[in-house]
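Engineer: Quick one: the structure is below, questions incoming.
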Amino acid sequence: MGKGIIMTDWQSDKASSDQLLPNIKFILGQYLIGAAPAEEDQKRNTDLIVLNMQPVRVACRIRRFEYLAEYRDEFTIRSDRPSGAKTELAKIVEGWGDYLFYGFASPEGDALAFWFLGDLLVFRRWFSEAIAALPAGTLPGTFQHNRDGSSAFRSFRVADLPSEFVIAWGQCPKAMKGHVDGG
């Protein structure tokens, strides 16, 4: 950003996670692009094929490395903003987003230390079923305030969701070397 321009928390968070977009796109390519069948190659000059020709919407959330050890098996989705702006959870429940890419940055913030790709259709189905089973007015997950008070989140344990929610996951030992298990 230019000199004298003050970044909002959202802009700062987005700029921080946007630097990892090349890494995220590389990973997503492994799961959303496949080798074309022989007939496609022979008749239509196609070696690679996107597995879905409709727009594929991927929500990305990257957390700082300091949260990895304690929250590796959880993910958060923004559920409340004091401004009243629509939250990620509201958008997901409305049907927006096909996948959730959730990860933790390396200590330096320049690589991904750990990540997973989740199917938001599975999440929506689970969320709806959980709401139906809970007392009226209760939402699944655990309510958490953001440390700076700018918003609130619901945290979810991956183990509480159906196994088909996680499509893939990975970690980069190089990004964590010297920072996990006593180094």
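Residue names in the structure tokens use chain letters A, B, ... in the order shown, residue numbers from 1 in each chain, and ligand numbers from 1 in the order shown.
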With a distance cut-off of 12 Å and only C-alpha atoms, select the neighbouring residues of A:Ser83, excluding the residue or stretch itself and same-chain residues fewer than 3 positions from it, and output the selection as a PyMOL selection string.

Structural biologist: chain A and resi 80+86-87+149-152

Engineer: Residues at most 7 Å from A:Cys172, counting only C-alpha atoms, excluding those fewer than 6 positions away in the same chain, as number ranges by chain?

Structural biologist: A: 112-114

Engineer: May I have all residues of chain A that DSSP, computed from the backbone, assigns to alpha helix (DSSP H), given as a count of residues only?

Structural biologist: 57

Engineer: Nearest residue to A:Gly170 out of A:Pro135, A:Pro55, A:Gly103, A:Gly141, using only C-alpha atoms?

Structural biologist: A:Gly103

Engineer: Would you please extract all strand (DSSP E or B) residues from stretch 4-129 of chain A, as assigned by DSSP on the backbone, and give them as a ChimeraX atom specification?

Structural biologist: /A:33-35,48-50,58-63,74-80,99-105,112-119
